[in-house]
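Participant: The structure under discussion is supplied below as structure tokens; questions concerning it will follow.
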Amino acid sequence: MTVELLILLIVIVTALAFDFTNGFHDTANAMATSIATGALRPRVAVALSAVLNLVGAFLSVAVAATVAKGIVRLDAVSGNDLLIIVFAGLVGGILWNLVTWLFGLPSSSSHALFGGLIGSTLAALGWSGVIWAAGSDGVVVKIILPAVLAPIVAGLVSAIGTWLVYRITERSDPGKVEEGFRWGQIGSASLVSLAHGTNDAQKTMGVIFLALVAHGTLTKNDDMPLWVMGACALAIAAGTYLGGWRIIRTLGRGLVEIDSPQGLAAESSSAAIILTSAHFGLPLSTTQAATGSILGTGIGKGAEVRWGVMGRMAVAWLLTLPLAGVAGALCWAIAHFIGGLPGVLVVFAILLVLSALMYVRSRRDPVDTSNVNEWPGDGAPQPVQLPTSLSESTTHSTRA
């Protein structure tokens with residue numbers, strides 16, 4: 001086995017490890033509201049989500065074709081130099097995913113990946129290695145603008161949907177409304193999981209494809225190999241099945257107290273936006289779309305929103321690109337300073353050690369199926385005021 005092939009294999013394994021962390025990090029996007037409302041039992045929810053993520057990964061490669069394209073100038077390097085840049089970026093993304101998971105913060109795995117790649121590219125190629133703004137390409141257009149717009153649009157759609165749902169059902173029996181919408185949630189949450197597979201699994205496919213082109217195994221005009229699609233689909237499905245209970249608790253209980261009508265509105269809004277972005281090949285942050293949708297349901301219902309939790313999530317969103325970038329740049333610097341295969345192995349060992357330390361730390365305050373629906377509280381939530389007629393129409397379903 002040649003050194004080049006061994007480096008390629010390490011890059012592929014690291015890419016699949018990122019896909020795995022993406023799975024358990026982003027399960028909450030699809031299933032947090034269904035678990036919070038009792039529409040699905042926790043284990044059933046994550047199993048269903050895992051299966052649909054697996055299926056969704058095979059439905060399209062549109063997003064895979066756009067990963068890193070128009071963001072960084074990776075065509076300026078080739079061979080092992082390109083592989084090390086990609087490897088360092090992946091490690092940076094994984095480390096940020098694990099840090100935010102440890103604190104139960106639903107940050108964007110997509111932005112962690114792009115941040116890591118941007119950081120390692122800056123370290124390797126300098127400022128000119130990143131496309132900041134160039135027509136329809138660049139960090140501003142492809143990352144920053146969608147990051148700002150996705151939660152706002154999702155929040156507006158879900159707020160309007162929630163308001164309409166409660167207006168339509170205000171004279172109906174509350175018990176029957178709750179039961180009916182729980183059944184509806186199974187369908188809408190499944191759709192979000194399917195959409196997540198079509199979007200997020202594609203990002204890792206694109207990274208592995210890029211690595212194979214750098215190694216010379218493929219050309220940029222080749223089709224996506226089936227084994228790449230299968231490996232990425234299995235990795236994200238396996239991560240999804242583990243649950244990511246810490247983030248599920250934050251989205252399901254920490255932001256807004258959710259009833260089934262709200263859950264259906266949030267999931268439907270998220271699915272519509274994620275599927276639309278996948279159709280156009282846009283690597284959207286599913287986390288930000290889902291969070292915006294959940295926040296919108298609280299506003300649409302006139303429920304209480306924990307703005308302190310939302311504030312911490314917003315800070316995590318702001319820090320994702322720069323801190324994942326710093327991690328990616330440091331990993332590239334270490335690998336480049338040591339050089340060759342030894343440098344890659346040292347960075348890989350650092351990744352393993354830090355991952356193990358964070359897992360051990362998480363065991364001090366475990367979150368699992370037994371306490372995923374128990375929010376410890378974070379100060380007094382601030383109520384969102386809406387017109388009196390809407391507040392009165394929803395009083396019967398507001399939780400204590």
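Following the order of the structure tokens, first chain is A, next is B, and so on, with residues numbered from 1 inside each chain and ligands from 1 in the order they appear.
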Find the residues near Val51 in chain A: any atom within 9 Å, counting only C-alpha atoms, skip ones fewer than 2 places away on the same chain, and give them as a list in words.

Facilitator: Val46, Ala47, Leu48, Ser49, Asn53, Leu54, Val55, Gly56, Ser193, Leu194, Ala237, Thr240 and Tyr241 of chain A

Participant: Just the selected residues (N, CA and C atoms), exported as a short mmCIF file (atom, residue, chain, number, x, y, z; two decimals), in the first residue's frame, please.

Facilitator:
data_model
loop_
_atom_site.label_atom_id
_atom_site.label_comp_id
_atom_site.auth_asym_id
_atom_site.auth_seq_id
_atom_site.Cartn_x
_atom_site.Cartn_y
_atom_site.Cartn_z
N VAL A 46 -35.86 7.86 16.44
CA VAL A 46 -34.53 7.90 15.85
C VAL A 46 -34.33 6.74 14.88
N ALA A 47 -34.96 5.60 15.12
CA ALA A 47 -34.87 4.49 14.18
C ALA A 47 -35.54 4.85 12.85
N LEU A 48 -36.72 5.45 12.94
CA LEU A 48 -37.41 5.87 11.73
C LEU A 48 -36.60 6.93 10.99
N SER A 49 -36.03 7.86 11.72
CA SER A 49 -35.22 8.90 11.10
C SER A 49 -33.99 8.32 10.42
N ASN A 53 -33.16 8.77 6.54
CA ASN A 53 -31.90 9.39 6.14
C ASN A 53 -31.16 8.51 5.14
N LEU A 54 -31.20 7.21 5.40
CA LEU A 54 -30.55 6.25 4.51
C LEU A 54 -31.16 6.30 3.11
N VAL A 55 -32.48 6.30 3.06
CA VAL A 55 -33.18 6.35 1.77
C VAL A 55 -32.93 7.69 1.07
N GLY A 56 -33.02 8.78 1.83
CA GLY A 56 -32.86 10.10 1.25
C GLY A 56 -31.50 10.33 0.62
N SER A 193 -36.82 13.96 7.85
CA SER A 193 -35.70 13.01 7.85
C SER A 193 -35.29 12.67 6.43
N LEU A 194 -36.27 12.45 5.57
CA LEU A 194 -35.97 12.16 4.17
C LEU A 194 -35.24 13.34 3.53
N ALA A 237 -26.92 7.42 8.69
CA ALA A 237 -28.01 6.67 9.31
C ALA A 237 -27.59 6.11 10.66
N THR A 240 -27.52 8.91 13.11
CA THR A 240 -28.88 9.30 13.44
C THR A 240 -29.50 8.36 14.47
N TYR A 241 -29.24 7.07 14.33
CA TYR A 241 -29.84 6.11 15.25
C TYR A 241 -29.35 6.29 16.68
#

Participant: Show me, as an NGL selection string, the residues that have an atom within 8 Å of range 32-40 of chain A when counting only C-alpha atoms, minus same-chain residues fewer than 3 positions from it.

Facilitator: :A and (27-29 or 44-45 or 182-183 or 185-186 or 189 or 248-249 or 251-253 or 258-260 or 263 or 267 or 373)

Participant: DSSP on the backbone, strand (DSSP E or B) only: what residues of range 38-178 of chain A does that give? Format it as a list in words.

Facilitator: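 Secondary structure check on range 38-178 of chain A, strand (DSSP E or B): Val72, Val130, Ala134 and Asp137 of chain A.
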
Participant: For range 190-265 of chain A versus range 360-371 of chain A, which residues have an atom no more than 10 Å away, and what is each residue's nearest atom pair and distance in Å rounded to one decimal, using only C-alpha atoms, chain-then-number order, as a tab-separated table?

Facilitator:
residue	atom	partner	partner_atom	distance
A:Leu242	CA	A:Asp368	CA	9.8
A:Gly243	CA	A:Asp368	CA	8.4
A:Gly244	CA	A:Asp368	CA	8.4
A:Trp245	CA	A:Asp368	CA	5.5
A:Arg246	CA	A:Val367	CA	5.6
A:Ile247	CA	A:Val367	CA	9.3
A:Ile248	CA	A:Val367	CA	9.5
A:Arg249	CA	A:Val367	CA	8.2

Participant: Deliver the residues from the most recent selection as a file, using N, CA and C atoms, as a PDB file, in the first residue's frame.

Facilitator:
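Heads up, here's the output in part25.pdb:
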ATOM      1  N   LEU A 242     -28.136   6.799  16.855  1.00  0.00           N
ATOM      2  CA  LEU A 242     -27.637   7.032  18.211  1.00  0.00           C
ATOM      3  C   LEU A 242     -28.411   8.143  18.916  1.00  0.00           C
ATOM      4  N   GLY A 243     -29.014   9.026  18.144  1.00  0.00           N
ATOM      5  CA  GLY A 243     -29.982   9.945  18.735  1.00  0.00           C
ATOM      6  C   GLY A 243     -29.528  11.358  18.983  1.00  0.00           C
ATOM      7  N   GLY A 244     -28.335  11.577  19.484  1.00  0.00           N
ATOM      8  CA  GLY A 244     -27.942  12.942  19.819  1.00  0.00           C
ATOM      9  C   GLY A 244     -28.900  13.565  20.821  1.00  0.00           C
ATOM     10  N   TRP A 245     -29.141  12.850  21.921  1.00  0.00           N
ATOM     11  CA  TRP A 245     -30.203  13.227  22.859  1.00  0.00           C
ATOM     12  C   TRP A 245     -30.013  14.609  23.467  1.00  0.00           C
ATOM     13  N   ARG A 246     -28.784  15.061  23.614  1.00  0.00           N
ATOM     14  CA  ARG A 246     -28.545  16.363  24.232  1.00  0.00           C
ATOM     15  C   ARG A 246     -29.150  17.480  23.379  1.00  0.00           C
ATOM     16  N   ILE A 247     -28.979  17.378  22.068  1.00  0.00           N
ATOM     17  CA  ILE A 247     -29.507  18.416  21.178  1.00  0.00           C
ATOM     18  C   ILE A 247     -31.005  18.243  20.983  1.00  0.00           C
ATOM     19  N   ILE A 248     -31.473  17.003  20.979  1.00  0.00           N
ATOM     20  CA  ILE A 248     -32.915  16.757  20.893  1.00  0.00           C
ATOM     21  C   ILE A 248     -33.629  17.439  22.068  1.00  0.00           C
ATOM     22  N   ARG A 249     -33.045  17.342  23.255  1.00  0.00           N
ATOM     23  CA  ARG A 249     -33.661  17.966  24.433  1.00  0.00           C
ATOM     24  C   ARG A 249     -33.710  19.481  24.278  1.00  0.00           C
TER      25      ARG A 249
END

Participant: With only C-alpha atoms as the basis for distance, which of A:Leu83, A:Leu8, A:Thr287, A:Ala147 is at the shortest distance from His25 in chain A?

Facilitator: A:Thr287

Participant: Find the residues near Ile208 in chain A: any atom within 10 Å, counting only C-alpha atoms, skip ones fewer than 4 places away on the same chain, and give them as a list of chain:residue names.

Facilitator: A:Leu8, A:Leu9, A:Val11, A:Ile12, A:Val13, A:Thr14, A:Ala15, A:Leu16, A:Ala64, A:Leu83, A:Val86, A:Gln202, A:Lys203, A:Thr204, A:Leu212, A:Val213, A:Ala214, A:Met224, A:Val228, A:Met229, A:Cys232

Participant: Taking only range 148-177 of chain A into account, list the residues labelled alpha helix (DSSP H) by DSSP (computed from the backbone), as a tab-separated table (two decimals) with all heavy atoms, in the first residue's frame.

Facilitator:
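The resulting file, selection27.tsv, is shown below:
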chain	number	residue	atom	x	y	z
A	148	VAL	N	-28.56	33.59	7.24
A	148	VAL	CA	-29.42	34.63	7.78
A	148	VAL	C	-30.87	34.41	7.37
A	148	VAL	O	-31.79	34.56	8.19
A	148	VAL	CB	-28.93	36.02	7.31
A	148	VAL	CG1	-29.92	37.10	7.73
A	148	VAL	CG2	-27.54	36.32	7.86
A	149	LEU	N	-31.08	34.05	6.11
A	149	LEU	CA	-32.44	33.96	5.58
A	149	LEU	C	-33.18	32.69	6.01
A	149	LEU	O	-34.39	32.72	6.24
A	149	LEU	CB	-32.41	34.03	4.05
A	149	LEU	CG	-31.97	35.37	3.46
A	149	LEU	CD1	-31.89	35.29	1.94
A	149	LEU	CD2	-32.91	36.49	3.88
A	150	ALA	N	-32.47	31.55	6.10
A	150	ALA	CA	-33.14	30.26	6.37
A	150	ALA	C	-33.97	30.28	7.65
A	150	ALA	O	-35.16	29.94	7.62
A	150	ALA	CB	-32.12	29.13	6.41
A	151	PRO	N	-33.41	30.68	8.81
A	151	PRO	CA	-34.24	30.67	10.02
A	151	PRO	C	-35.35	31.70	9.99
A	151	PRO	O	-36.42	31.47	10.55
A	151	PRO	CB	-33.23	30.96	11.15
A	151	PRO	CG	-32.07	31.61	10.48
A	151	PRO	CD	-32.01	31.05	9.11
A	152	ILE	N	-35.11	32.83	9.32
A	152	ILE	CA	-36.15	33.86	9.25
A	152	ILE	C	-37.33	33.38	8.40
A	152	ILE	O	-38.50	33.48	8.82
A	152	ILE	CB	-35.58	35.17	8.67
A	152	ILE	CG1	-34.54	35.76	9.64
A	152	ILE	CG2	-36.70	36.17	8.40
A	152	ILE	CD1	-33.82	36.97	9.10
A	153	VAL	N	-37.03	32.85	7.21
A	153	VAL	CA	-38.09	32.35	6.32
A	153	VAL	C	-38.82	31.19	6.98
A	153	VAL	O	-40.07	31.13	6.98
A	153	VAL	CB	-37.51	31.94	4.96
A	153	VAL	CG1	-38.58	31.26	4.11
A	153	VAL	CG2	-36.94	33.14	4.23
A	154	ALA	N	-38.06	30.24	7.56
A	154	ALA	CA	-38.69	29.10	8.22
A	154	ALA	C	-39.55	29.55	9.38
A	154	ALA	O	-40.66	29.02	9.59
A	154	ALA	CB	-37.61	28.12	8.70
A	155	GLY	N	-39.07	30.52	10.15
A	155	GLY	CA	-39.85	31.02	11.27
A	155	GLY	C	-41.14	31.68	10.84
A	155	GLY	O	-42.20	31.46	11.45
A	156	LEU	N	-41.09	32.47	9.77
A	156	LEU	CA	-42.30	33.13	9.27
A	156	LEU	C	-43.31	32.12	8.77
A	156	LEU	O	-44.52	32.22	9.07
A	156	LEU	CB	-41.93	34.11	8.15
A	156	LEU	CG	-41.22	35.41	8.58
A	156	LEU	CD1	-40.78	36.19	7.35
A	156	LEU	CD2	-42.14	36.25	9.45
A	157	VAL	N	-42.83	31.14	8.01
A	157	VAL	CA	-43.75	30.12	7.46
A	157	VAL	C	-44.41	29.33	8.58
A	157	VAL	O	-45.63	29.13	8.58
A	157	VAL	CB	-42.99	29.17	6.50
A	157	VAL	CG1	-43.88	27.99	6.10
A	157	VAL	CG2	-42.53	29.92	5.26
A	158	SER	N	-43.62	28.90	9.56
A	158	SER	CA	-44.19	28.10	10.64
A	158	SER	C	-45.08	28.94	11.56
A	158	SER	O	-46.07	28.45	12.10
A	158	SER	CB	-43.09	27.42	11.46
A	158	SER	OG	-42.30	28.37	12.14
A	159	ALA	N	-44.74	30.22	11.75
A	159	ALA	CA	-45.58	31.09	12.58
A	159	ALA	C	-46.96	31.27	11.95
A	159	ALA	O	-47.99	31.17	12.63
A	159	ALA	CB	-44.90	32.44	12.77
A	160	ILE	N	-46.97	31.52	10.63
A	160	ILE	CA	-48.25	31.68	9.93
A	160	ILE	C	-49.03	30.37	9.95
A	160	ILE	O	-50.24	30.34	10.21
A	160	ILE	CB	-48.01	32.13	8.48
A	160	ILE	CG1	-47.42	33.56	8.48
A	160	ILE	CG2	-49.31	32.11	7.68
A	160	ILE	CD1	-46.93	34.01	7.11
A	161	GLY	N	-48.31	29.24	9.71
A	161	GLY	CA	-48.97	27.94	9.73
A	161	GLY	C	-49.57	27.62	11.10
A	161	GLY	O	-50.70	27.12	11.19
A	162	THR	N	-48.83	27.92	12.16
A	162	THR	CA	-49.31	27.66	13.51
A	162	THR	C	-50.54	28.52	13.82
A	162	THR	O	-51.53	28.04	14.39
A	162	THR	CB	-48.20	27.94	14.54
A	162	THR	OG1	-47.07	27.13	14.24
A	162	THR	CG2	-48.67	27.65	15.95
A	163	TRP	N	-50.46	29.79	13.48
A	163	TRP	CA	-51.58	30.70	13.72
A	163	TRP	C	-52.83	30.21	13.02
A	163	TRP	O	-53.92	30.17	13.60
A	163	TRP	CB	-51.21	32.10	13.24
A	163	TRP	CG	-52.24	33.14	13.55
A	163	TRP	CD1	-52.39	33.83	14.72
A	163	TRP	CD2	-53.26	33.61	12.67
A	163	TRP	NE1	-53.44	34.71	14.63
A	163	TRP	CE2	-54.00	34.61	13.38
A	163	TRP	CE3	-53.63	33.32	11.36
A	163	TRP	CZ2	-55.07	35.28	12.81
A	163	TRP	CZ3	-54.71	33.99	10.79
A	163	TRP	CH2	-55.42	34.96	11.51
A	164	LEU	N	-52.69	29.77	11.76
A	164	LEU	CA	-53.85	29.26	11.00
A	164	LEU	C	-54.40	27.99	11.61
A	164	LEU	O	-55.62	27.79	11.70
A	164	LEU	CB	-53.44	29.02	9.55
A	164	LEU	CG	-53.20	30.26	8.70
A	164	LEU	CD1	-52.63	29.87	7.33
A	164	LEU	CD2	-54.50	31.05	8.52
A	165	VAL	N	-53.50	27.10	12.04
A	165	VAL	CA	-53.94	25.83	12.62
A	165	VAL	C	-54.81	26.07	13.85
A	165	VAL	O	-55.89	25.47	14.00
A	165	VAL	CB	-52.71	24.96	12.99
A	165	VAL	CG1	-53.09	23.87	13.99
A	165	VAL	CG2	-52.11	24.34	11.74
A	166	TYR	N	-54.37	26.95	14.73
A	166	TYR	CA	-55.14	27.18	15.95
A	166	TYR	C	-56.42	27.95	15.68
A	166	TYR	O	-57.42	27.78	16.39
A	166	TYR	CB	-54.27	27.91	16.98
A	166	TYR	CG	-53.34	26.98	17.71
A	166	TYR	CD1	-51.97	27.02	17.49
A	166	TYR	CD2	-53.84	26.03	18.61
A	166	TYR	CE1	-51.11	26.15	18.16
A	166	TYR	CE2	-52.99	25.17	19.27
A	166	TYR	CZ	-51.62	25.22	19.05
A	166	TYR	OH	-50.79	24.37	19.69
A	167	ARG	N	-56.43	28.80	14.68
A	167	ARG	CA	-57.67	29.48	14.32
A	167	ARG	C	-58.69	28.50	13.75
A	167	ARG	O	-59.89	28.56	14.06
A	167	ARG	CB	-57.38	30.58	13.29
A	167	ARG	CG	-56.67	31.80	13.85
A	167	ARG	CD	-57.49	32.50	14.94
A	167	ARG	NE	-58.74	33.05	14.41
A	167	ARG	CZ	-58.88	34.27	13.94
A	167	ARG	NH1	-57.83	35.09	13.91
A	167	ARG	NH2	-60.05	34.69	13.50
A	168	ILE	N	-58.21	27.58	12.91
A	168	ILE	CA	-59.10	26.62	12.27
A	168	ILE	C	-59.69	25.64	13.28
A	168	ILE	O	-60.85	25.23	13.20
A	168	ILE	CB	-58.37	25.87	11.15
A	168	ILE	CG1	-58.04	26.83	10.00
A	168	ILE	CG2	-59.19	24.70	10.62
A	168	ILE	CD1	-57.10	26.27	8.96
A	174	PRO	N	-60.21	19.67	22.08
A	174	PRO	CA	-58.75	19.72	22.23
A	174	PRO	C	-58.10	18.35	22.18
A	174	PRO	O	-57.02	18.18	21.61
A	174	PRO	CB	-58.56	20.38	23.60
A	174	PRO	CG	-59.80	21.17	23.83
A	174	PRO	CD	-60.91	20.38	23.18
A	175	GLY	N	-58.73	17.35	22.81
A	175	GLY	CA	-58.15	16.01	22.82
A	175	GLY	C	-58.05	15.42	21.43
A	175	GLY	O	-57.03	14.82	21.07
A	176	LYS	N	-59.10	15.58	20.64
A	176	LYS	CA	-59.09	15.04	19.28
A	176	LYS	C	-58.09	15.80	18.39
A	176	LYS	O	-57.44	15.22	17.53
A	176	LYS	CB	-60.49	15.12	18.69
A	176	LYS	CG	-61.48	14.15	19.33
A	176	LYS	CD	-62.84	14.21	18.65
A	176	LYS	CE	-63.81	13.20	19.29
A	176	LYS	NZ	-65.15	13.26	18.66
A	177	VAL	N	-58.00	17.11	18.62
A	177	VAL	CA	-57.03	17.90	17.86
A	177	VAL	C	-55.61	17.41	18.14
A	177	VAL	O	-54.81	17.20	17.23
A	177	VAL	CB	-57.16	19.40	18.21
A	177	VAL	CG1	-55.98	20.19	17.64
A	177	VAL	CG2	-58.47	19.95	17.68

Participant: Have a look at CA of Leu321 in chain A and CA of Gly308 in chain A and let me know their distance in Å, one decimal.

Facilitator: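 The value is 21.7 Å.
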
Participant: Restricting the calculation to only C-alpha atoms: of A:Asn22, A:Ser277, A:Thr169, A:Thr219, which residue gets closest to Thr198 in chain A?

Facilitator: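 When distances to Thr198 in chain A are compared using only C-alpha atoms, the smallest one comes from A:Ser277.
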
Participant: Using only C-alpha atoms, which of A:Ala50, A:Arg41, A:Ser109, A:Ala124 sits nearest Leu74 in chain A?

Facilitator: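 Ranking A:Ala50, A:Arg41, A:Ser109, A:Ala124 by distance to Leu74 in chain A, first place goes to A:Ala124.
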
Participant: Which residues are near Ile334 in chain A? Cut-off 7 Å, only C-alpha atoms, ignore same chain within fewer than 3 positions. Put them as an MDAnalysis selection string.

Facilitator: chainID A and resid 330:331 337:338 343 347

Participant: Taking only C-alpha atoms into account, name the residue in A:Val77, A:Ala123, A:Leu234, A:Leu52 that is nearest to Met31 in chain A.

Facilitator: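 Nearest candidate to Met31 in chain A out of A:Val77, A:Ala123, A:Leu234, A:Leu52: A:Leu52.
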